[in-house]
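Notes follow the structure.
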Amino acid sequence: MLIHLISRLASPSLRSQPSKISPLQFSTTVSAAERLYNHLQGCTTNLEKELASAKVKLDSSCINEVIKRCHPNQFQLGLRFFIWAGTQSDQRHSSYMYSKACDFLEIRTNPDLIKDVVEAYRKDKSFVSVKTMRIVLTLCNEAKLADEALWVLRKFSEFDLCVDTVSYNLVIRLFADKGDLSMADMLMKEMHCIDLYPDVITYTSMINGYCNAGKIDEAWKLAKSMSKHGCVVNTVTYSRILEGVCKSGDMETVLELLGEMEKEDGDGVISPNTVTYTLVIQAFCEKKLIREALLVLDRMGDRGCLPNHVTASVLIQGVLKNDEDVKDLYELIDKLVKLGGVSLSECFSCATVSLIRMKRWEEAEKIFRMMLVREIRPDGLACSLVFRELCLLERYIDCFLLYQEIEKAGVKSTIDSEIHTVLLLGLCQHGCSWEAAKLAKSMLDKKMRLKFSHVEKIIEALKKTGDEDLMRRFSTD
């Protein structure tokens with residue numbers, strides 16, 4: 001029976017009993033975390049020194065487990081443990097770990113915890129290194145705590161530590177991102193007074209801050225002064241300023257800056273790249289200045305800089321949103337493919353996706369079918385959106401036929417189990433048992449599983465068709 005075939009799609013977990021878990025299957029990470037946590041509870045004087053005596057091998061899972069156990073009443077202990085773990089020679093916290101620590105210890109909503117721990121170090125006369133303070137500053141950075149980071153920076157001297165450029169950069173970036181550019185600028189000038197010099201990271205943070213605040217002139221002035229202090233202005237810096245000018249809408253200045261980049265590329269350091277040109281193209285497209293955007297594409301091609309998928313997507317959407325003639329779209333795609341970097345498949349798939357998102361379904365379907373006729377393989381996203389749209393329109397047979405074509409072409413689509421389920425249910429409800437059987441078998445081949453509630457709905461739909469003969473004919477395939 002077809003019903004039997006479809007029932008096989010139910011998740012195996014619903015048809016089997018859970019097995020008993022052996023104590024041997026528990027991770028050794030948990031026992032290591034338990035030992036460290038218990039050690040924390042017994043610390044009475046120098047917490048960090050006593051932790052070192054535990055001699056437990058650290059890893060991210062172990063550290064996470066310990067700080068989770070410190071929730072919600074032992075945040076200070078948990079934070080001191082996290083900082084201590086990061087200072088160990090065989091351990092370096094990832095950005096993910098900093099994020100989890102901020103979450104578990106609720107640092108964002110309880111910023112005083114940072115000050116409490118630093119004060120506890122002073123009170124306990126604990127050994128504090130520059131690395132210790134950097135970890136504290138990185139936590140401030142992750143939690144976006146600019147004022148607390150500045151407070152920590154001022155505490156270096158109390159522990160007889162010399163502040164370094166890395167620490168200053170962390171604090172400057174926080175204030176620049178916050179929009180407090182006067183404080184960021186003051187800290188940058190302060191570095192000179194203690195024989196520290198701003199590096200590329202310092203300048204980039206400041207330039208980002210000025211660009212975000214719409215102060216493009218200041219950003220440009222700062223970029224020009226970088227070389228005087230031994231910092232090389234690179235493509236990333238120029239592109240960031242260019243992005244800020246694009247947001248301001250001053251397209252004349254945009255082209256002037258792009259021209260400067262094209263002139264000053266003797267050593268290739270600030271030569272505009274694909275990202276740079278795409279930023280400019282996008283700015284023109286957003287203003288519906290498609291012809292100007294295409295001229296930038298020509299400049300890009302003349303310099304041997306290849307467009308990528310993003311460039312193609314920006315231009316194709318620009319042409320479609322500007323209601324340009326279909327002929328213009330085809331000419332654009334032809335130009336993009338000839339320049340290299342993108343294929344016909346990428347361009348036409350992008351056009352299909354853009355049209356669907358713009359609610360221009362008939363045009364999208366026409367392009368999609370044209371691709372299949374011309375043996376241009378659509379990408380997974382285009383396939384997924386087309387099938388979803390056909391199911392919404394209840395054109396289940398059309399959807400199934402396209403599905404078969406895509407399968408024959410060997411396209412790796414991103415059609416998830418939800419779309420398969422909707423299509424399978426639609427075929428069953430409309431009495432298309434043969435097609436439903438083919439689809440169900442395809443799903444089984446792909447080891448795709450359905451929720452039990454979905455299986456019940458499909459079986460119920462089959463029963464309602466009353467077409468037992470048709471169901472019987474194909475259930476044994």
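How things are named: the first chain in the structure tokens is A, the next is B, and so on; residues count from 1 in each chain; ligands count from 1 in the order shown.
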Wanna dump the range 24-68 of chain A-range 94-111 of chain A contacts at 9 Å for me, each residue with its shortest atom pair and the distance in Å to one decimal, counting only C-alpha atoms, ordered by chain and number, as a tab-separated table?
```
residue	atom	partner	partner_atom	distance
A:Ser60	CA	A:Met97	CA	7.3
A:Ile63	CA	A:Met97	CA	8.8
A:Asn64	CA	A:Lys100	CA	7.6
A:Ile67	CA	A:Phe104	CA	6.7
A:Lys68	CA	A:Phe104	CA	5.9
```
Residue subset to file, keeping C-alpha atoms, as a CSV table (one decimal), in the first residue's frame:
```csv
chain,number,residue,atom,x,y,z
A,60,SER,CA,36.1,25.0,26.0
A,63,ILE,CA,35.2,26.0,30.9
A,64,ASN,CA,31.6,26.4,29.7
A,67,ILE,CA,30.7,29.0,34.4
A,68,LYS,CA,27.2,27.6,33.8
```
Polymer residues at most 10 Å from Ile415 in chain A, only C-alpha atoms, same-chain spacing of 5 or more positions, as a ChimeraX atom specification: /A:380-388,403,420
Val200 in chain A surroundings by only C-alpha atoms, 12 Å radius, close-in-sequence under 4 positions cut, as a PyMOL selection string: chain A and resi 165-166+169+204-208+222-223+225-227+229-234+236-237
Can I get the selected residues back with C-alpha atoms, as a compact mmCIF listing (two decimals), in the first residue's frame?
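Result file is again-v8.txt:
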```txt
# COMPACT_ATOMS: atom_id res chain seq x y z
CA THR A 165 48.71 49.36 22.09
CA VAL A 166 46.39 46.32 21.99
CA ASN A 169 42.87 49.79 20.68
CA THR A 204 40.64 51.87 11.23
CA SER A 205 38.55 52.04 14.42
CA MET A 206 38.57 55.83 14.32
CA ILE A 207 37.79 55.96 10.60
CA ASN A 208 34.87 53.54 11.11
CA LEU A 222 42.64 60.90 9.28
CA ALA A 223 43.29 58.41 6.48
CA SER A 225 47.60 61.35 7.97
CA MET A 226 48.18 57.62 8.46
CA SER A 227 51.25 57.44 6.23
CA HIS A 229 52.84 57.88 11.27
CA GLY A 230 54.19 54.85 9.45
CA CYS A 231 50.79 53.23 8.75
CA VAL A 232 50.02 52.13 5.22
CA VAL A 233 46.63 53.15 3.80
CA ASN A 234 45.23 49.98 2.28
CA VAL A 236 40.14 48.14 3.18
CA THR A 237 40.60 51.61 4.69
```
Spatial neighbours of Val411 in chain A, 9 Å, only C-alpha atoms, chain gap at least 3 places, as a ChimeraX atom specification: /A:377-380,383,406-408
Alpha helix (DSSP H) residues, from DSSP on the backbone, in range 392-470 of chain A, as a ChimeraX atom specification: /A:392,396-409,417-429,433-445,452-465,468-470
Top pick for closest residue to Val130 in chain A, considering A:Leu161, A:Met443, A:Met188, A:Ala54 and counting only C-alpha atoms: A:Leu161
Non-local contacts of range 88-90 of chain A (10 Å; only C-alpha atoms; under 2 positions in same chain excluded) as a VMD selection string: chain A and resid 52 57 to 59 83 to 86 92 131
For those residues, write N, CA and C atoms to a file as a PDB file, in the first residue's frame.
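Saved as selection-v8.pdb:
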```pdb
ATOM      1  N   ALA A  52      45.244  26.550  40.049  1.00  0.00           N
ATOM      2  CA  ALA A  52      46.387  25.967  39.332  1.00  0.00           C
ATOM      3  C   ALA A  52      46.783  24.626  39.939  1.00  0.00           C
ATOM      4  N   LYS A  57      43.016  19.240  32.959  1.00  0.00           N
ATOM      5  CA  LYS A  57      43.181  19.672  31.580  1.00  0.00           C
ATOM      6  C   LYS A  57      41.961  20.490  31.150  1.00  0.00           C
ATOM      7  N   LEU A  58      42.219  21.697  30.653  1.00  0.00           N
ATOM      8  CA  LEU A  58      41.128  22.598  30.270  1.00  0.00           C
ATOM      9  C   LEU A  58      40.783  22.485  28.799  1.00  0.00           C
ATOM     10  N   ASP A  59      39.497  22.608  28.486  1.00  0.00           N
ATOM     11  CA  ASP A  59      39.045  22.806  27.111  1.00  0.00           C
ATOM     12  C   ASP A  59      37.782  23.652  27.179  1.00  0.00           C
ATOM     13  N   ILE A  83      38.545  34.121  33.566  1.00  0.00           N
ATOM     14  CA  ILE A  83      39.747  34.927  33.294  1.00  0.00           C
ATOM     15  C   ILE A  83      41.000  34.111  33.568  1.00  0.00           C
ATOM     16  N   TRP A  84      41.021  33.395  34.695  1.00  0.00           N
ATOM     17  CA  TRP A  84      42.178  32.550  35.017  1.00  0.00           C
ATOM     18  C   TRP A  84      42.420  31.510  33.915  1.00  0.00           C
ATOM     19  N   ALA A  85      41.342  30.869  33.445  1.00  0.00           N
ATOM     20  CA  ALA A  85      41.474  29.838  32.406  1.00  0.00           C
ATOM     21  C   ALA A  85      42.097  30.414  31.140  1.00  0.00           C
ATOM     22  N   GLY A  86      41.739  31.639  30.796  1.00  0.00           N
ATOM     23  CA  GLY A  86      42.267  32.275  29.591  1.00  0.00           C
ATOM     24  C   GLY A  86      43.733  32.637  29.684  1.00  0.00           C
ATOM     25  N   ARG A  92      43.350  29.425  24.947  1.00  0.00           N
ATOM     26  CA  ARG A  92      43.077  30.760  24.442  1.00  0.00           C
ATOM     27  C   ARG A  92      41.598  30.838  24.081  1.00  0.00           C
ATOM     28  N   LYS A 131      48.115  40.043  30.329  1.00  0.00           N
ATOM     29  CA  LYS A 131      47.186  39.110  29.689  1.00  0.00           C
ATOM     30  C   LYS A 131      45.866  39.045  30.453  1.00  0.00           C
TER      31      LYS A 131
END
```
Contact residues around Leu113 in chain A with only C-alpha atoms at 8 Å, ignoring same-chain residues under 4 positions, as a list in words: Phe75, Gln76, Ile107 and Val117 of chain A
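The nearest approach to Ala149 in chain A among the residues A:Asn38, A:Gln91, A:Ser167, A:Gln404, with only C-alpha atoms taken into account, belongs to A:Ser167.
Going from CA of Glu346 in chain A over to CA of Ser271 in chain A, you cover 26.6 Å.
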